[in-house]
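Trainee: Coordinates in work24.tsv, TSV, C-alpha atoms and all ligand atoms, are listed below.
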chain	number	residue	atom	x	y	z
A	1	MET	CA	12.81	2.23	-11.84
A	2	VAL	CA	9.68	4.40	-12.08
A	3	ILE	CA	10.73	6.44	-9.03
A	4	ARG	CA	14.30	6.72	-7.83
A	5	THR	CA	15.48	9.21	-5.26
A	6	GLU	CA	18.98	9.75	-3.98
A	7	GLY	CA	19.75	11.32	-0.62
A	8	LEU	CA	16.42	13.09	-0.46
A	9	SER	CA	16.14	15.43	2.54
A	10	PHE	CA	13.70	18.03	3.79
A	11	SER	CA	13.40	20.23	6.88
A	12	PHE	CA	10.60	22.37	8.24
A	13	GLY	CA	12.66	25.10	9.92
A	14	SER	CA	15.12	23.35	12.18
A	15	GLN	CA	13.20	20.05	12.16
A	16	GLN	CA	14.56	17.61	9.58
A	17	VAL	CA	11.58	15.44	8.62
A	18	VAL	CA	13.05	13.53	5.64
A	19	LYS	CA	16.60	12.22	5.97
A	20	ALA	CA	18.71	11.09	2.99
A	21	LEU	CA	15.92	8.96	1.57
A	22	SER	CA	16.72	6.66	-1.34
A	23	LEU	CA	13.54	5.27	-2.83
A	24	GLN	CA	13.48	2.56	-5.50
A	25	VAL	CA	10.06	1.96	-7.01
A	26	PRO	CA	10.07	-0.67	-9.79
A	27	GLU	CA	7.76	-0.46	-12.79
A	28	GLY	CA	4.48	-2.35	-12.39
A	29	SER	CA	4.82	-2.57	-8.63
A	30	ILE	CA	2.45	-1.65	-5.84
A	31	TYR	CA	4.95	0.07	-3.59
A	32	GLY	CA	3.73	0.40	-0.02
A	33	PHE	CA	5.30	3.40	1.70
A	34	LEU	CA	4.87	2.60	5.37
A	35	GLY	CA	5.48	4.58	8.51
A	36	PRO	CA	3.69	5.80	11.63
A	37	ASN	CA	1.97	9.20	11.76
A	38	GLY	CA	4.48	11.99	11.39
A	39	ALA	CA	7.17	9.74	9.84
A	40	GLY	CA	7.52	12.01	6.80
A	41	LYS	CA	5.40	10.18	4.22
A	42	THR	CA	3.28	13.14	3.10
A	43	THR	CA	6.33	15.41	2.96
A	44	THR	CA	8.11	12.87	0.73
A	45	ILE	CA	5.06	12.53	-1.51
A	46	LYS	CA	4.80	16.31	-1.85
A	47	MET	CA	8.42	16.40	-3.01
A	48	LEU	CA	7.74	13.63	-5.55
A	49	LEU	CA	4.89	15.75	-6.92
A	50	ASN	CA	6.98	18.91	-6.92
A	51	LEU	CA	4.67	20.53	-4.36
A	52	LEU	CA	7.61	21.02	-2.00
A	53	LYS	CA	11.11	21.85	-3.07
A	54	THR	CA	13.79	19.42	-1.88
A	55	ASP	CA	16.56	20.71	0.39
A	56	GLU	CA	19.02	18.11	-0.78
A	57	GLY	CA	19.14	15.07	-3.03
A	58	SER	CA	17.60	14.25	-6.37
A	59	ILE	CA	14.39	12.74	-7.71
A	60	PHE	CA	14.14	10.74	-10.90
A	61	VAL	CA	10.73	9.74	-12.23
A	62	PHE	CA	10.58	7.53	-15.34
A	63	GLU	CA	14.39	7.85	-15.25
A	64	GLN	CA	14.17	11.62	-15.86
A	65	GLU	CA	15.26	14.26	-13.37
A	66	LEU	CA	12.15	15.88	-11.89
A	67	GLN	CA	13.12	19.56	-11.84
A	68	THR	CA	14.28	19.70	-15.43
A	69	ASN	CA	11.42	17.60	-16.85
A	70	ARG	CA	8.64	18.76	-14.56
A	71	ILE	CA	5.79	19.21	-17.00
A	72	ASP	CA	6.39	16.01	-18.92
A	73	ILE	CA	6.75	13.93	-15.75
A	74	LEU	CA	3.79	15.42	-13.89
A	75	SER	CA	1.51	14.84	-16.89
A	76	LYS	CA	2.16	11.09	-16.46
A	77	ILE	CA	1.35	10.99	-12.74
A	78	GLY	CA	-2.11	10.73	-11.18
A	79	SER	CA	-2.26	11.57	-7.50
A	80	LEU	CA	-4.53	11.68	-4.52
A	81	ILE	CA	-3.28	13.45	-1.41
A	82	GLU	CA	-5.38	14.44	1.52
A	83	GLN	CA	-9.03	14.88	0.45
A	84	PRO	CA	-9.93	14.33	-3.21
A	85	ALA	CA	-11.04	17.57	-4.91
A	86	ILE	CA	-14.68	16.67	-5.39
A	87	TYR	CA	-17.66	19.00	-5.88
A	88	GLY	CA	-20.40	17.73	-3.56
A	89	HIS	CA	-23.25	19.42	-5.45
A	90	LEU	CA	-22.30	17.62	-8.67
A	91	THR	CA	-22.88	13.94	-9.43
A	92	GLY	CA	-20.00	11.51	-9.74
A	93	ARG	CA	-20.28	11.58	-13.53
A	94	GLU	CA	-20.43	15.40	-13.61
A	95	ASN	CA	-17.28	15.61	-11.48
A	96	LEU	CA	-15.50	13.39	-13.98
A	97	ILE	CA	-16.89	15.20	-17.04
A	98	ASN	CA	-15.70	18.53	-15.64
A	99	ARG	CA	-12.18	17.24	-15.20
A	100	ALA	CA	-12.24	15.46	-18.57
A	101	MET	CA	-13.07	18.76	-20.28
A	102	LEU	CA	-10.24	20.53	-18.46
A	103	LEU	CA	-7.80	17.83	-19.49
A	104	GLY	CA	-9.12	17.53	-23.03
A	105	VAL	CA	-9.94	13.86	-22.45
A	106	LYS	CA	-12.76	12.19	-24.43
A	107	GLU	CA	-16.05	11.85	-22.56
A	108	ALA	CA	-16.13	8.11	-23.28
A	109	ARG	CA	-13.30	7.73	-20.81
A	110	VAL	CA	-15.58	8.98	-18.02
A	111	ASP	CA	-17.80	5.90	-18.29
A	112	GLU	CA	-14.74	3.66	-18.51
A	113	MET	CA	-13.40	5.16	-15.28
A	114	LEU	CA	-16.78	4.87	-13.55
A	115	ALA	CA	-16.84	1.18	-14.44
A	116	LEU	CA	-13.23	0.67	-13.37
A	117	VAL	CA	-13.84	2.06	-9.87
A	118	LYS	CA	-17.28	0.38	-9.70
A	119	LEU	CA	-19.29	3.59	-9.47
A	120	THR	CA	-21.43	3.12	-12.59
A	121	ASN	CA	-24.57	2.52	-10.55
A	122	ALA	CA	-23.93	5.58	-8.40
A	123	ALA	CA	-22.81	7.83	-11.28
A	124	SER	CA	-25.96	10.00	-11.16
A	125	LYS	CA	-25.93	10.48	-7.40
A	126	LYS	CA	-24.65	13.73	-5.92
A	127	ALA	CA	-21.08	13.23	-4.68
A	128	ARG	CA	-21.96	14.65	-1.27
A	129	GLN	CA	-24.19	11.61	-0.76
A	130	TYR	CA	-21.28	9.23	-1.42
A	131	SER	CA	-19.74	7.21	1.41
A	132	LEU	CA	-16.10	7.92	2.25
A	133	GLY	CA	-15.03	4.84	0.28
A	134	MET	CA	-17.03	5.96	-2.78
A	135	LYS	CA	-15.47	9.43	-2.53
A	136	GLN	CA	-12.01	7.89	-2.44
A	137	ARG	CA	-12.81	5.76	-5.49
A	138	LEU	CA	-14.14	8.81	-7.31
A	139	GLY	CA	-10.88	10.57	-6.35
A	140	ILE	CA	-8.92	7.70	-7.87
A	141	ALA	CA	-11.09	7.81	-11.02
A	142	LEU	CA	-10.32	11.54	-11.32
A	143	ALA	CA	-6.61	10.81	-10.92
A	144	LEU	CA	-6.83	8.13	-13.62
A	145	LEU	CA	-8.66	10.20	-16.25
A	146	SER	CA	-5.51	11.30	-18.02
A	147	ASP	CA	-4.32	7.67	-18.16
A	148	PRO	CA	-1.19	8.25	-16.05
A	149	LYS	CA	1.49	5.57	-15.85
A	150	LEU	CA	2.07	6.19	-12.17
A	151	LEU	CA	-0.48	6.66	-9.42
A	152	ILE	CA	0.63	8.25	-6.13
A	153	LEU	CA	-1.84	7.88	-3.27
A	154	ASP	CA	-1.39	9.28	0.24
A	155	GLU	CA	-3.23	7.11	2.79
A	156	PRO	CA	-6.22	6.48	0.50
A	157	THR	CA	-7.80	4.00	2.92
A	158	ASN	CA	-7.70	6.27	5.98
A	159	GLY	CA	-11.06	6.16	7.75
A	160	LEU	CA	-12.55	3.51	5.46
A	161	ASP	CA	-14.47	0.51	6.79
A	162	PRO	CA	-13.16	-3.01	5.98
A	163	ASN	CA	-15.30	-3.24	2.84
A	164	GLY	CA	-14.07	0.12	1.59
A	165	ILE	CA	-10.48	-0.99	2.18
A	166	ILE	CA	-11.03	-4.24	0.25
A	167	GLU	CA	-12.53	-2.33	-2.71
A	168	ILE	CA	-9.55	0.04	-2.92
A	169	ARG	CA	-7.13	-2.87	-2.57
A	170	GLU	CA	-8.79	-4.84	-5.38
A	171	LEU	CA	-8.87	-1.76	-7.58
A	172	LEU	CA	-5.15	-1.09	-7.11
A	173	ILE	CA	-4.25	-4.72	-7.81
A	174	ARG	CA	-6.36	-4.58	-11.01
A	175	LEU	CA	-4.67	-1.35	-12.08
A	176	THR	CA	-1.20	-2.88	-11.88
A	177	ARG	CA	-2.01	-6.36	-13.21
A	178	GLU	CA	-4.47	-5.51	-15.98
A	179	HIS	CA	-3.64	-1.91	-16.85
A	180	GLY	CA	0.14	-1.87	-16.44
A	181	LYS	CA	0.20	0.99	-13.92
A	182	THR	CA	2.67	1.50	-11.10
A	183	VAL	CA	1.12	2.40	-7.74
A	184	PHE	CA	2.90	4.21	-4.90
A	185	ILE	CA	0.70	4.14	-1.80
A	186	SER	CA	1.40	5.36	1.71
A	187	SER	CA	-0.09	3.93	4.86
A	188	HIS	CA	0.56	3.57	8.57
A	189	LEU	CA	-0.94	0.08	8.65
A	190	LEU	CA	1.34	-2.84	7.84
A	191	GLY	CA	-1.53	-5.35	7.68
A	192	GLU	CA	-3.28	-3.33	5.02
A	193	ILE	CA	-0.22	-2.85	2.81
A	194	GLU	CA	1.16	-6.36	2.91
A	195	ARG	CA	-2.06	-7.74	1.42
A	196	MET	CA	-1.49	-5.87	-1.82
A	197	ALA	CA	2.06	-4.52	-2.08
A	198	THR	CA	4.76	-6.15	-4.16
A	199	HIS	CA	7.41	-3.84	-2.67
A	200	VAL	CA	7.70	-1.98	0.60
A	201	GLY	CA	9.62	0.96	2.01
A	202	ILE	CA	9.38	1.52	5.75
A	203	ILE	CA	10.29	4.89	7.26
A	204	ASN	CA	10.43	6.19	10.78
A	205	ASN	CA	11.46	9.72	11.78
A	206	GLY	CA	12.22	10.49	8.14
A	207	GLU	CA	14.68	7.62	7.79
A	208	MET	CA	14.34	4.49	5.67
A	209	LEU	CA	14.48	1.43	7.90
A	210	PHE	CA	13.76	-1.19	5.27
A	211	GLN	CA	13.20	-1.33	1.54
A	212	GLY	CA	12.68	-4.42	-0.58
A	213	SER	CA	10.22	-6.86	-2.03
A	214	ILE	CA	7.34	-8.21	0.00
A	215	THR	CA	9.13	-11.58	0.14
A	216	ASP	CA	12.20	-9.89	1.65
A	217	LEU	CA	9.86	-8.33	4.22
A	218	GLU	CA	8.31	-11.69	5.05
A	219	GLU	CA	11.75	-12.96	6.04
A	220	ILE	CA	12.03	-10.20	8.62
A	221	SER	CA	8.43	-10.17	9.71
A	222	GLN	CA	8.47	-13.96	10.17
A	223	PRO	CA	4.76	-14.65	9.90
A	224	GLN	CA	3.42	-17.42	12.08
A	225	VAL	CA	0.62	-19.79	11.24
A	226	PHE	CA	-1.91	-20.81	13.87
A	227	ILE	CA	-3.47	-24.21	13.23
A	228	GLU	CA	-6.55	-25.05	15.24
A	229	THR	CA	-7.04	-28.83	15.42
A	230	GLU	CA	-9.03	-31.33	17.46
A	231	ASN	CA	-6.01	-32.92	19.18
A	232	THR	CA	-3.10	-30.53	19.25
A	233	ALA	CA	-0.72	-32.91	21.09
A	234	ASP	CA	-1.11	-35.64	18.46
A	235	ALA	CA	-1.01	-33.08	15.68
A	236	GLY	CA	2.21	-31.57	17.07
A	237	ASN	CA	3.87	-34.99	17.33
A	238	LEU	CA	2.83	-35.87	13.80
A	239	LEU	CA	4.25	-32.63	12.39
A	240	THR	CA	7.54	-32.93	14.28
A	241	LYS	CA	7.94	-36.57	13.16
A	242	ASN	CA	7.52	-35.39	9.57
A	243	GLY	CA	10.25	-32.78	9.89
A	244	TYR	CA	8.16	-29.63	10.50
A	245	THR	CA	9.00	-27.07	13.18
A	246	VAL	CA	6.32	-26.48	15.79
A	247	SER	CA	7.08	-23.21	17.58
A	248	ALA	CA	4.26	-23.24	20.14
A	249	ILE	CA	1.43	-25.50	21.22
A	250	ASN	CA	-1.57	-25.27	23.53
A	251	THR	CA	-4.83	-27.16	23.91
A	252	GLU	CA	-6.56	-25.16	21.17
A	253	SER	CA	-3.92	-24.66	18.52
A	254	LEU	CA	-0.34	-25.09	17.42
A	255	THR	CA	1.92	-22.57	15.79
A	256	VAL	CA	4.36	-23.15	12.95
A	257	PRO	CA	6.58	-20.58	11.23
A	258	PHE	CA	5.25	-19.75	7.76
A	259	ILE	CA	7.61	-21.01	5.05
A	260	SER	CA	5.49	-21.22	1.91
A	261	LYS	CA	1.89	-21.60	0.78
A	262	LYS	CA	2.76	-25.05	-0.57
A	263	GLN	CA	4.09	-26.15	2.80
A	264	MET	CA	0.88	-25.02	4.49
A	265	GLY	CA	-1.08	-27.10	1.99
A	266	ASP	CA	1.17	-30.12	2.69
A	267	ILE	CA	0.69	-29.74	6.45
A	268	ASN	CA	-3.07	-29.50	6.05
A	269	ALA	CA	-3.10	-32.60	3.81
A	270	LEU	CA	-0.90	-34.55	6.25
A	271	LEU	CA	-3.15	-33.77	9.24
A	272	ASN	CA	-6.26	-34.72	7.27
A	273	ARG	CA	-4.69	-37.94	5.99
A	274	GLU	CA	-3.87	-39.00	9.55
A	275	GLY	CA	-7.45	-38.36	10.65
A	276	ILE	CA	-6.82	-35.13	12.59
A	277	THR	CA	-9.57	-32.60	11.86
A	278	VAL	CA	-8.29	-29.10	11.11
A	279	TYR	CA	-10.72	-26.37	12.23
A	280	SER	CA	-8.82	-23.37	10.98
A	281	ILE	CA	-5.48	-22.20	9.61
A	282	ASN	CA	-4.60	-18.57	10.18
A	283	LYS	CA	-1.46	-16.71	9.06
A	284	GLN	CA	-0.52	-13.76	11.24
A	285	HIS	CA	2.04	-11.04	10.68
A	286	LYS	CA	3.79	-8.70	13.01
A	287	ASP	CA	2.36	-5.22	13.28
A	288	LEU	CA	4.44	-2.19	12.37
A	289	GLU	CA	5.70	-1.61	15.92
A	290	ASN	CA	6.96	-5.15	16.32
A	291	LEU	CA	8.48	-5.03	12.87
A	292	PHE	CA	10.42	-1.88	13.82
A	293	LEU	CA	11.78	-3.78	16.82
A	294	SER	CA	12.99	-6.73	14.73
A	295	ILE	CA	14.56	-4.43	12.13
A	296	THR	CA	16.42	-2.33	14.68
A	297	GLN	CA	17.49	-5.39	16.67
A	298	LYS	CA	18.90	-7.00	13.51
A	299	ALA	CA	20.83	-3.87	12.53
B	1	LIG	N1	3.78	22.67	7.13
B	1	LIG	C1	4.50	22.15	8.11
B	1	LIG	N2	5.20	22.93	8.95
B	1	LIG	C2	5.95	22.43	9.96
B	1	LIG	N3	6.05	21.11	10.21
B	1	LIG	C3	5.38	20.26	9.43
B	1	LIG	C4	4.55	20.73	8.34
B	1	LIG	N4	4.00	19.65	7.73
B	1	LIG	C5	4.44	18.57	8.40
B	1	LIG	N5	5.26	18.92	9.42
B	1	LIG	C6	5.95	17.99	10.36
B	1	LIG	O1	6.78	17.12	9.59
B	1	LIG	C7	6.77	15.81	10.14
B	1	LIG	C8	6.40	14.81	9.05
B	1	LIG	O2	5.05	15.03	8.64
B	1	LIG	P1	4.35	14.25	7.46
B	1	LIG	O3	2.99	14.83	7.29
B	1	LIG	O4	5.25	14.20	6.30
B	1	LIG	O5	4.26	12.80	8.09
B	1	LIG	P2	3.38	11.56	7.63
B	1	LIG	O6	4.27	10.38	7.72
B	1	LIG	O7	2.72	11.83	6.35
B	1	LIG	O8	2.33	11.48	8.78
B	1	LIG	P3	0.73	11.45	8.71
B	1	LIG	O9	0.39	10.05	8.42
B	1	LIG	O10	0.36	11.86	10.11
B	1	LIG	O11	0.31	12.45	7.67
B	1	LIG	C9	5.82	15.83	11.31
B	1	LIG	O12	6.60	15.97	12.49
B	1	LIG	C10	4.99	17.08	11.07
B	1	LIG	O13	4.58	17.63	12.28
Turn this file's structure into structure tokens for me.
Mentor:
Amino acid sequence: MVIRTEGLSFSFGSQQVVKALSLQVPEGSIYGFLGPNGAGKTTTIKMLLNLLKTDEGSIFVFEQELQTNRIDILSKIGSLIEQPAIYGHLTGRENLINRAMLLGVKEARVDEMLALVKLTNAASKKARQYSLGMKQRLGIALALLSDPKLLILDEPTNGLDPNGIIEIRELLIRLTREHGKTVFISSHLLGEIERMATHVGIINNGEMLFQGSITDLEEISQPQVFIETENTADAGNLLTKNGYTVSAINTESLTVPFISKKQMGDINALLNREGITVYSINKQHKDLENLFLSITQKA
């Protein structure tokens, strides 16, 4: 495990905001740390980065205890919490060069990072003229300069438009798949996390409600697939006759529980083969609130 905590707790005065948290973040994963505002995500992240001292419990990063191996561990972590520390009067490249000099990193790496976060064309623009998404990507480039094995990001997509969110998502996927990094990312939006995460931890009021792989989560979140066809009654009959479950039907569309991508392909092929035109197929997940309900009802 790249991050492992045991019984991690923290209180602000009399308010306990993190309660006996046991995190398990596997190497090479994109671990989505999910919870509504105020759930305790930032507090947890600050403890992982040694910015807050834990009340109780232990933290292991790269299988080493954090307190006793602080300097070694922190040198292998890149992080972005709250606003990235960017100088607005400097260009993107100058911001990176500054940090590279501080870290003793070769200047060549600056251009590599600019390319990685797709800011090469904007490298000579003043950072204050960057969009929020560009600033976040510059923040990630700064965090990556020292070539850390682990990247910890606190709500990096907050306030971004859909395009900005997609760019961050693609970047994080590239970092894990092509560059062997592990990414720990917090968010309050389930829909955003499940499109990129391989593993998920869900907290509410400082307590872990669920932790596991994204496939484990899909079992709980029971995604449904809406199929829009020209004749839903015939389509429904055809699917039932062929052994598929149809959970709802109306004049516009029918709904089937999502089992696998392959099964969706088979259903699409079957409908087409029988001459029923499919207009759209749309997989929908529960939002965080509904997911909380299913988790607590199951417990
Ligand atoms: N410095 C502080 N002093 C007192 N209470 C605090 C402090 N920082 C955070 N809290 C409280 O701790 C709880 C957890 O906050 P935290 O910022 O960790 O949550 P979060 O899940 O990151 O939420 P958000 O997405 O809103 O940042 C909240 O109730 C918050 O009000």
Trainee: Find the distance between atom CA of A:Asn250 and atom CA of A:Ala235 and write it in Å to one decimal.
Mentor: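 The value is 11.1 Å.
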Trainee: Name each residue within 10 Å of ligand LIG 1 (chain B), counting all atoms listed in the file, as a PyMOL selection string.
Mentor: chain A and resi 10-18+33-46+81-82+154-155+158+186-188+203-206
Trainee: Where does stretch 19-132 of chain A meet stretch 208-221 of chain A within 9 Å, residue by residue, with the nearest atom pair and distance in Å to one decimal for each, counting only C-alpha atoms, listed by chain and rising number, as CSV?
Mentor:
residue,atom,partner,partner_atom,distance
A:Lys19,CA,A:Met208,CA,8.1
A:Ala20,CA,A:Met208,CA,8.4
A:Leu21,CA,A:Met208,CA,6.3
A:Ser22,CA,A:Met208,CA,7.7
A:Leu23,CA,A:Gln211,CA,7.9
A:Gln24,CA,A:Gln211,CA,8.0
A:Tyr31,CA,A:Ser213,CA,8.8
Trainee: Could you check the closest approach to A:Met196 for each of A:Thr5, A:Thr229, A:Ser29, A:Asn268 and tell me which residue wins, using all atoms listed in the file?
Mentor: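 Selected residue with least distance to A:Met196: A:Ser29.
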Trainee: Select, from A:Ile59, A:Ala100, A:Ile202, A:Leu48, the residue with the minimum atom-to-atom distance to A:Leu190, counting all atoms listed in the file.
Mentor: A:Ile202
Trainee: Neighbouring residues of A:Glu192 were defined as those with any atom within 10 Å, considering only C-alpha atoms; residues of the same chain fewer than 3 positions away were excluded. Please report them as a VMD selection string.
Mentor: chain A and resid 32 157 162 165 to 166 169 187 to 189 195 to 197
Trainee: Let me make sure I understand: among A:Thr198, A:Gln136, A:Thr182, A:Thr240, which one has the smallest atom-to-atom distance to A:Glu167 if we use all atoms listed in the file?
Mentor: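 Result for the nearest residue to A:Glu167: A:Gln136.
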Trainee: Grab the atom CA of A:Arg177 to atom CA of A:Lys262 distance for me, in Å with one decimal place.
Mentor: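 That distance, rounded to one decimal, is 23.1 Å.
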Trainee: Step by step: start from the point (-10.2, 11.6, -14.8) in the file's coordinates, keep every protein, DNA or RNA residue that has an atom no farther than 9 Å from it, count all atoms listed in the file, and write the set as a PyMOL selection string.
Mentor: chain A and resi 78+95-100+103+105+109-110+113+138-147
Trainee: In Å, with one decimal, what is the gap from atom CA of A:Glu274 to atom CA of A:Thr245?
Mentor: 17.9 Å
Trainee: Looking at all atoms listed in the file, which of A:Ile73, A:Leu150, A:Val225, A:Val200 is the one that sits closest to A:Met264?
Mentor: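 Checking each candidate against A:Met264, we get A:Val225 as the closest.
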Trainee: For A:Leu175, which residue out of A:Ile281, A:Leu160, A:Leu116, A:Ile152 is the nearest one, using all atoms listed in the file?
Mentor: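 Nearest candidate to A:Leu175 out of A:Ile281, A:Leu160, A:Leu116, A:Ile152: A:Leu116.
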Trainee: Given the choices A:Gly275, A:Gly243, A:Gly7, A:Gly28, which gets closest to A:Val183 if the distance is worked out from all atoms listed in the file?
Mentor: A:Gly28
Trainee: Tell me which protein, DNA and RNA residues are within 12 Å of A:Gly88, counting all atoms listed in the file, leaving out same-chain ones fewer than 6 positions away, and put them as a ChimeraX atom specification.
Mentor: /A:94-95,125-131,135,138
